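Please read the structure below before turning to the comments.
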Amino acid sequence: MSAEPRINDRIRVPEVRLVGPSGEQVGIVPLAKALELAQEYDLDLVEVAANARPPVCKLMDYGKFKYESAMKAREARKNQAHTVIKEMKLRPKIDPHDYDTKKGHVVRFLKQGDKVKITIMFRGREQSRPELGYRLLQRLAEDVQELGFVESNPKQDGRNMIMVLGPHKKKTEAMAEAREAQAARKASAKANPGRSQNAAEEEEEAPAEAPADA
């Protein structure tokens with residue numbers, strides 16, 4: 001069955017309970033009278049409750065109604081929060097600079113409201129030293145504890161050790177804050193027209209995601 005409501009001549013009942021264009025109750029009227037009123041108002045007669053007895057119909061601009069409904073659905077999809085799991089891979093003997101770089105990406109992911117799967121990759125003789133990976137995961141969890149928590153404790157998975165961090169901040173909150181920050185940057189740029197265009201554009205661009213492999 002079509003999800004589209006019946007309108008105008010497609011309505012096949014002897015009488016309808018009519019609702020006016022402003023939501024006022026007109027009452028039960030013959031279908032011919034309802035169609036006549038729709039023509040007078042230059043509107044459509046739309047069946048909004050087909051299972052009622054008699055069916056409820058409303059006078060409205062159906063094209064405008066469909067457009068507004070589509071825009072609302074589009075906005076709802078735009079604001080819908082999807083759970084995303086990012087992944088960051090580390091080696092058990094990672095050097096301090098690489099560790100700080102990787103930690104920076106984890107911090108960014110958590111601030112965005114995303115979960116982060118941390119994978120420690122063991123190679124060769126490193127597989128006999130799982131405690132190295134465990135200590136590294138513990139260290140990382142402690143370093144980012146203000147932004148996230150350990151959702152899945154470290155566990156061995158073949159040659160890898162895996163831990164999942166969850167964000168304290170919900171995805172919807174992170175998205176709202178990002179929109180507010182972007183609006184603030186635009187307002188600041190308007191208030192300071194002397195700023196270089198390049199600087200404003202750089203602030204609005206999201207930082208590129210670096211490769212996950214160590």
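Residue numbering restarts at 1 for every chain of the structure tokens, chains are lettered A, B, ... in their displayed order, and ligands are numbered from 1 as they appear.
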
A:Val107: which residues within 12 Å, counting only C-alpha atoms, same-chain residues fewer than 5 positions away excluded, as a PyMOL selection string? chain A and resi 86+88+100-102+112-116+140-149+165-169

Keeping only N, CA and C atoms, write the selected residues to a file as an mmCIF file, in the first residue's frame.
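Ended up saving to out-v6.cif:
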data_model
loop_
_atom_site.group_PDB
_atom_site.id
_atom_site.type_symbol
_atom_site.label_atom_id
_atom_site.label_comp_id
_atom_site.auth_asym_id
_atom_site.auth_seq_id
_atom_site.Cartn_x
_atom_site.Cartn_y
_atom_site.Cartn_z
ATOM 1 N N LYS A 86 36.171 4.311 16.338
ATOM 2 C CA LYS A 86 37.445 4.583 15.692
ATOM 3 C C LYS A 86 38.450 3.541 16.169
ATOM 4 N N MET A 88 42.701 2.799 16.857
ATOM 5 C CA MET A 88 44.068 3.290 16.939
ATOM 6 C C MET A 88 44.979 2.108 17.256
ATOM 7 N N ASP A 100 52.602 10.206 22.006
ATOM 8 C CA ASP A 100 51.893 11.475 22.174
ATOM 9 C C ASP A 100 51.012 11.773 20.959
ATOM 10 N N THR A 101 51.504 11.436 19.767
ATOM 11 C CA THR A 101 50.718 11.653 18.560
ATOM 12 C C THR A 101 49.456 10.790 18.563
ATOM 13 N N LYS A 102 49.629 9.511 18.887
ATOM 14 C CA LYS A 102 48.487 8.595 18.934
ATOM 15 C C LYS A 102 47.490 9.016 20.006
ATOM 16 N N GLN A 112 34.908 14.079 20.198
ATOM 17 C CA GLN A 112 33.853 14.050 19.187
ATOM 18 C C GLN A 112 32.705 13.123 19.594
ATOM 19 N N GLY A 113 32.861 12.447 20.728
ATOM 20 C CA GLY A 113 31.803 11.553 21.198
ATOM 21 C C GLY A 113 31.871 10.160 20.610
ATOM 22 N N ASP A 114 33.029 9.783 20.042
ATOM 23 C CA ASP A 114 33.189 8.464 19.424
ATOM 24 C C ASP A 114 33.908 7.494 20.362
ATOM 25 N N LYS A 115 33.596 6.225 20.202
ATOM 26 C CA LYS A 115 34.341 5.190 20.913
ATOM 27 C C LYS A 115 35.668 4.954 20.193
ATOM 28 N N VAL A 116 36.639 4.444 20.936
ATOM 29 C CA VAL A 116 37.943 4.184 20.332
ATOM 30 C C VAL A 116 38.409 2.777 20.693
ATOM 31 N N LEU A 140 47.465 4.648 28.757
ATOM 32 C CA LEU A 140 46.636 5.447 27.864
ATOM 33 C C LEU A 140 45.285 5.744 28.499
ATOM 34 N N ALA A 141 44.686 4.730 29.126
ATOM 35 C CA ALA A 141 43.384 4.923 29.770
ATOM 36 C C ALA A 141 43.470 5.986 30.862
ATOM 37 N N GLU A 142 44.568 5.984 31.620
ATOM 38 C CA GLU A 142 44.751 6.979 32.674
ATOM 39 C C GLU A 142 44.978 8.372 32.093
ATOM 40 N N ASP A 143 45.694 8.448 30.968
ATOM 41 C CA ASP A 143 45.990 9.749 30.360
ATOM 42 C C ASP A 143 44.744 10.431 29.791
ATOM 43 N N VAL A 144 43.731 9.650 29.430
ATOM 44 C CA VAL A 144 42.530 10.247 28.814
ATOM 45 C C VAL A 144 41.291 10.064 29.691
ATOM 46 N N GLN A 145 41.483 9.770 30.962
ATOM 47 C CA GLN A 145 40.350 9.436 31.820
ATOM 48 C C GLN A 145 39.355 10.585 31.992
ATOM 49 N N GLU A 146 39.807 11.839 31.779
ATOM 50 C CA GLU A 146 38.877 12.958 31.882
ATOM 51 C C GLU A 146 37.904 12.990 30.705
ATOM 52 N N LEU A 147 38.268 12.357 29.601
ATOM 53 C CA LEU A 147 37.425 12.369 28.399
ATOM 54 C C LEU A 147 36.715 11.048 28.144
ATOM 55 N N GLY A 148 37.284 9.939 28.633
ATOM 56 C CA GLY A 148 36.700 8.632 28.350
ATOM 57 C C GLY A 148 36.956 7.630 29.456
ATOM 58 N N PHE A 149 36.306 6.489 29.322
ATOM 59 C CA PHE A 149 36.430 5.423 30.314
ATOM 60 C C PHE A 149 36.655 4.096 29.599
ATOM 61 N N LEU A 165 37.690 2.174 24.535
ATOM 62 C CA LEU A 165 37.408 3.343 25.363
ATOM 63 C C LEU A 165 36.093 3.972 24.916
ATOM 64 N N GLY A 166 35.258 4.324 25.873
ATOM 65 C CA GLY A 166 34.005 5.002 25.574
ATOM 66 C C GLY A 166 34.074 6.444 26.029
ATOM 67 N N PRO A 167 33.425 7.376 25.312
ATOM 68 C CA PRO A 167 33.475 8.797 25.680
ATOM 69 C C PRO A 167 32.518 9.116 26.829
ATOM 70 N N HIS A 168 32.931 10.027 27.702
ATOM 71 C CA HIS A 168 32.005 10.499 28.739
ATOM 72 C C HIS A 168 30.893 11.330 28.098
ATOM 73 N N LYS A 169 31.233 12.024 27.014
ATOM 74 C CA LYS A 169 30.298 12.921 26.354
ATOM 75 C C LYS A 169 29.497 12.170 25.293
#

Could you give me, as a PyMOL selection string, each residue of chain A that DSSP assigns to strand (DSSP E or B) when run on this structure's backbone? chain A and resi 7+15-19+25-30+44-49+56-60+85-90+115-121+148-157+160-167

Between A:Ala187, A:Val29, A:Met121, A:Leu137, smallest distance to A:Asp157 by only C-alpha atoms belongs to A:Met121

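Take atom CA of A:Lys33 and atom CA of A:Lys66: the distance between them is 24.5 Å.
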
Quick one: everything within 10 Å of stretch 89-99 of chain A, counting only C-alpha atoms, minus sequence neighbours fewer than 3 positions away in the same chain. Send it as a list in words.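 Those residues are Lys102, Lys103, Gly104, Lys117, Ile118, Thr119, Ile120, Met121, Phe122, Arg123, Glu126, Gln127, Arg129, Pro130, Glu131, Leu132, Gly133, Tyr134, Arg135, Leu136, Leu137, Leu140, Asn160, Met161, Ile162, Pro211, Ala212, Asp213 and Ala214 of chain A.
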
Residues within 7 Å of A:Leu45, please, as a list in words. Count only C-alpha atoms; anything in the same chain fewer than 4 positions from it doesn't count. Ile7, Asn8, Leu35, Ala38, Cys57, Lys58, Leu59 and Met60 of chain A

Kindly export the residues of the current selection with C-alpha atoms, as a compact mmCIF listing (two decimals), in the first residue's frame.
# COMPACT_ATOMS: atom_id res chain seq x y z
CA ILE A 7 -6.24 13.73 -1.81
CA ASN A 8 -9.02 15.48 -3.71
CA LEU A 35 -14.17 19.44 -2.47
CA ALA A 38 -11.09 23.16 -1.14
CA CYS A 57 -9.97 15.29 5.93
CA LYS A 58 -8.18 18.61 6.14
CA LEU A 59 -7.92 21.58 3.82
CA MET A 60 -4.23 22.32 3.18

Leaving out A:Ala49 and any residue of its chain fewer than 3 positions from it, which residues lie within 12 Å of it when counting only C-alpha atoms, given as a list in words? Glu4, Pro5, Arg6, Ile7, Ile11, Val16, Arg17, Leu18, Val19, Val46, Ala52, Arg53, Pro54, Pro55, Val56, Cys57 and Lys58 of chain A

Keeping all heavy atoms for every residue in the selection just given, could you write it to a file as a compact mmCIF listing (two decimals), in the first residue's frame?
# COMPACT_ATOMS: atom_id res chain seq x y z
N GLU A 4 1.30 7.43 0.84
CA GLU A 4 0.74 8.73 0.51
C GLU A 4 -0.75 8.75 0.87
O GLU A 4 -1.50 7.83 0.55
CB GLU A 4 0.91 9.03 -0.98
CG GLU A 4 2.37 9.19 -1.42
CD GLU A 4 2.93 10.53 -1.00
OE1 GLU A 4 2.13 11.50 -0.86
OE2 GLU A 4 4.15 10.62 -0.81
N PRO A 5 -1.22 9.82 1.50
CA PRO A 5 -2.66 9.92 1.79
C PRO A 5 -3.45 10.20 0.52
O PRO A 5 -2.91 10.70 -0.48
CB PRO A 5 -2.73 11.11 2.75
CG PRO A 5 -1.56 11.96 2.38
CD PRO A 5 -0.48 11.00 1.99
N ARG A 6 -4.72 9.88 0.55
CA ARG A 6 -5.57 10.18 -0.59
C ARG A 6 -5.91 11.67 -0.57
O ARG A 6 -6.15 12.24 0.50
CB ARG A 6 -6.85 9.35 -0.56
CG ARG A 6 -6.59 7.85 -0.73
CD ARG A 6 -7.88 7.08 -0.90
NE ARG A 6 -8.71 7.13 0.31
CZ ARG A 6 -9.87 6.50 0.45
NH1 ARG A 6 -10.34 5.77 -0.56
NH2 ARG A 6 -10.56 6.58 1.57
N ILE A 7 -5.91 12.30 -1.73
CA ILE A 7 -6.24 13.73 -1.81
C ILE A 7 -7.25 13.97 -2.92
O ILE A 7 -7.34 13.22 -3.88
CB ILE A 7 -4.98 14.59 -2.05
CG1 ILE A 7 -4.37 14.30 -3.43
CG2 ILE A 7 -3.93 14.35 -0.97
CD1 ILE A 7 -3.23 15.26 -3.80
N ILE A 11 -10.28 10.62 -3.06
CA ILE A 11 -11.06 10.27 -1.86
C ILE A 11 -12.42 9.74 -2.32
O ILE A 11 -13.14 10.40 -3.05
CB ILE A 11 -11.23 11.50 -0.95
CG1 ILE A 11 -9.86 12.03 -0.52
CG2 ILE A 11 -12.06 11.14 0.29
CD1 ILE A 11 -9.91 13.36 0.22
N VAL A 16 -17.25 13.30 4.87
CA VAL A 16 -16.00 13.36 5.63
C VAL A 16 -16.18 14.28 6.83
O VAL A 16 -17.07 15.14 6.85
CB VAL A 16 -14.84 13.88 4.75
CG1 VAL A 16 -14.59 12.96 3.58
CG2 VAL A 16 -15.08 15.31 4.30
N ARG A 17 -15.33 14.07 7.84
CA ARG A 17 -15.27 15.02 8.95
C ARG A 17 -14.20 16.04 8.57
O ARG A 17 -13.02 15.72 8.48
CB ARG A 17 -14.90 14.32 10.25
CG ARG A 17 -14.94 15.26 11.47
CD ARG A 17 -14.63 14.49 12.74
NE ARG A 17 -15.63 13.48 13.02
CZ ARG A 17 -16.80 13.72 13.61
NH1 ARG A 17 -17.12 14.96 13.98
NH2 ARG A 17 -17.64 12.74 13.84
N LEU A 18 -14.60 17.25 8.32
CA LEU A 18 -13.71 18.24 7.72
C LEU A 18 -13.05 19.13 8.76
O LEU A 18 -13.70 19.61 9.70
CB LEU A 18 -14.50 19.11 6.73
CG LEU A 18 -13.69 20.11 5.91
CD1 LEU A 18 -12.68 19.38 5.02
CD2 LEU A 18 -14.62 20.99 5.06
N VAL A 19 -11.75 19.34 8.56
CA VAL A 19 -10.96 20.26 9.38
C VAL A 19 -10.51 21.39 8.47
O VAL A 19 -9.98 21.17 7.38
CB VAL A 19 -9.73 19.57 10.00
CG1 VAL A 19 -8.91 20.56 10.83
CG2 VAL A 19 -10.18 18.39 10.86
N VAL A 46 -7.22 16.76 1.91
CA VAL A 46 -6.30 15.67 2.23
C VAL A 46 -6.89 14.79 3.32
O VAL A 46 -7.30 15.28 4.37
CB VAL A 46 -4.93 16.22 2.69
CG1 VAL A 46 -3.96 15.06 2.96
CG2 VAL A 46 -4.35 17.16 1.64
N ALA A 52 -10.94 6.55 10.42
CA ALA A 52 -12.02 7.13 11.22
C ALA A 52 -13.34 6.97 10.46
O ALA A 52 -13.36 6.77 9.26
CB ALA A 52 -11.74 8.60 11.49
N ARG A 53 -14.43 7.05 11.20
CA ARG A 53 -15.76 6.92 10.58
C ARG A 53 -16.61 8.13 10.95
O ARG A 53 -17.03 8.25 12.09
CB ARG A 53 -16.45 5.61 11.03
CG ARG A 53 -15.78 4.36 10.49
CD ARG A 53 -15.94 4.28 8.97
NE ARG A 53 -15.29 3.09 8.42
CZ ARG A 53 -14.07 3.08 7.94
NH1 ARG A 53 -13.35 4.20 7.94
NH2 ARG A 53 -13.54 1.99 7.44
N PRO A 54 -16.83 9.05 10.01
CA PRO A 54 -16.28 9.06 8.65
C PRO A 54 -14.80 9.50 8.67
O PRO A 54 -14.33 10.03 9.67
CB PRO A 54 -17.14 10.11 7.95
CG PRO A 54 -17.55 11.05 9.03
CD PRO A 54 -17.73 10.21 10.25
N PRO A 55 -14.09 9.30 7.55
CA PRO A 55 -12.67 9.69 7.49
C PRO A 55 -12.50 11.18 7.76
O PRO A 55 -13.37 11.99 7.42
CB PRO A 55 -12.26 9.33 6.06
CG PRO A 55 -13.25 8.29 5.63
CD PRO A 55 -14.54 8.66 6.30
N VAL A 56 -11.39 11.52 8.39
CA VAL A 56 -11.10 12.93 8.68
C VAL A 56 -10.26 13.49 7.53
O VAL A 56 -9.26 12.90 7.13
CB VAL A 56 -10.33 13.08 10.00
CG1 VAL A 56 -10.01 14.57 10.27
CG2 VAL A 56 -11.14 12.50 11.16
N CYS A 57 -10.70 14.63 7.00
CA CYS A 57 -9.97 15.29 5.93
C CYS A 57 -9.68 16.73 6.33
O CYS A 57 -10.44 17.35 7.07
CB CYS A 57 -10.78 15.28 4.63
SG CYS A 57 -11.03 13.62 3.96
N LYS A 58 -8.57 17.25 5.81
CA LYS A 58 -8.18 18.61 6.14
C LYS A 58 -7.90 19.40 4.88
O LYS A 58 -7.37 18.86 3.90
CB LYS A 58 -6.94 18.61 7.04
CG LYS A 58 -6.53 19.99 7.52
CD LYS A 58 -5.35 19.94 8.49
CE LYS A 58 -4.99 21.35 8.95
NZ LYS A 58 -3.86 21.35 9.91

Please measure the separation of atom CA of A:Gly124 and atom CA of A:Ile85, giving the value in Å to one decimal.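 Going from atom CA of A:Gly124 over to atom CA of A:Ile85 covers 28.3 Å.
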
Report the residues of stretch 15-190 of chain A whose backbone DSSP state falls under alpha helix (DSSP H), written as a VMD selection string. chain A and resid 31 to 41 62 to 79 96 to 111 130 to 143 171 to 190

Enter the distance from atom CA of A:Gly63 to atom CA of A:Asp44, in Å, rounded to one decimal.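 If I compute the distance from atom CA of A:Gly63 to atom CA of A:Asp44, I get 8.9 Å.
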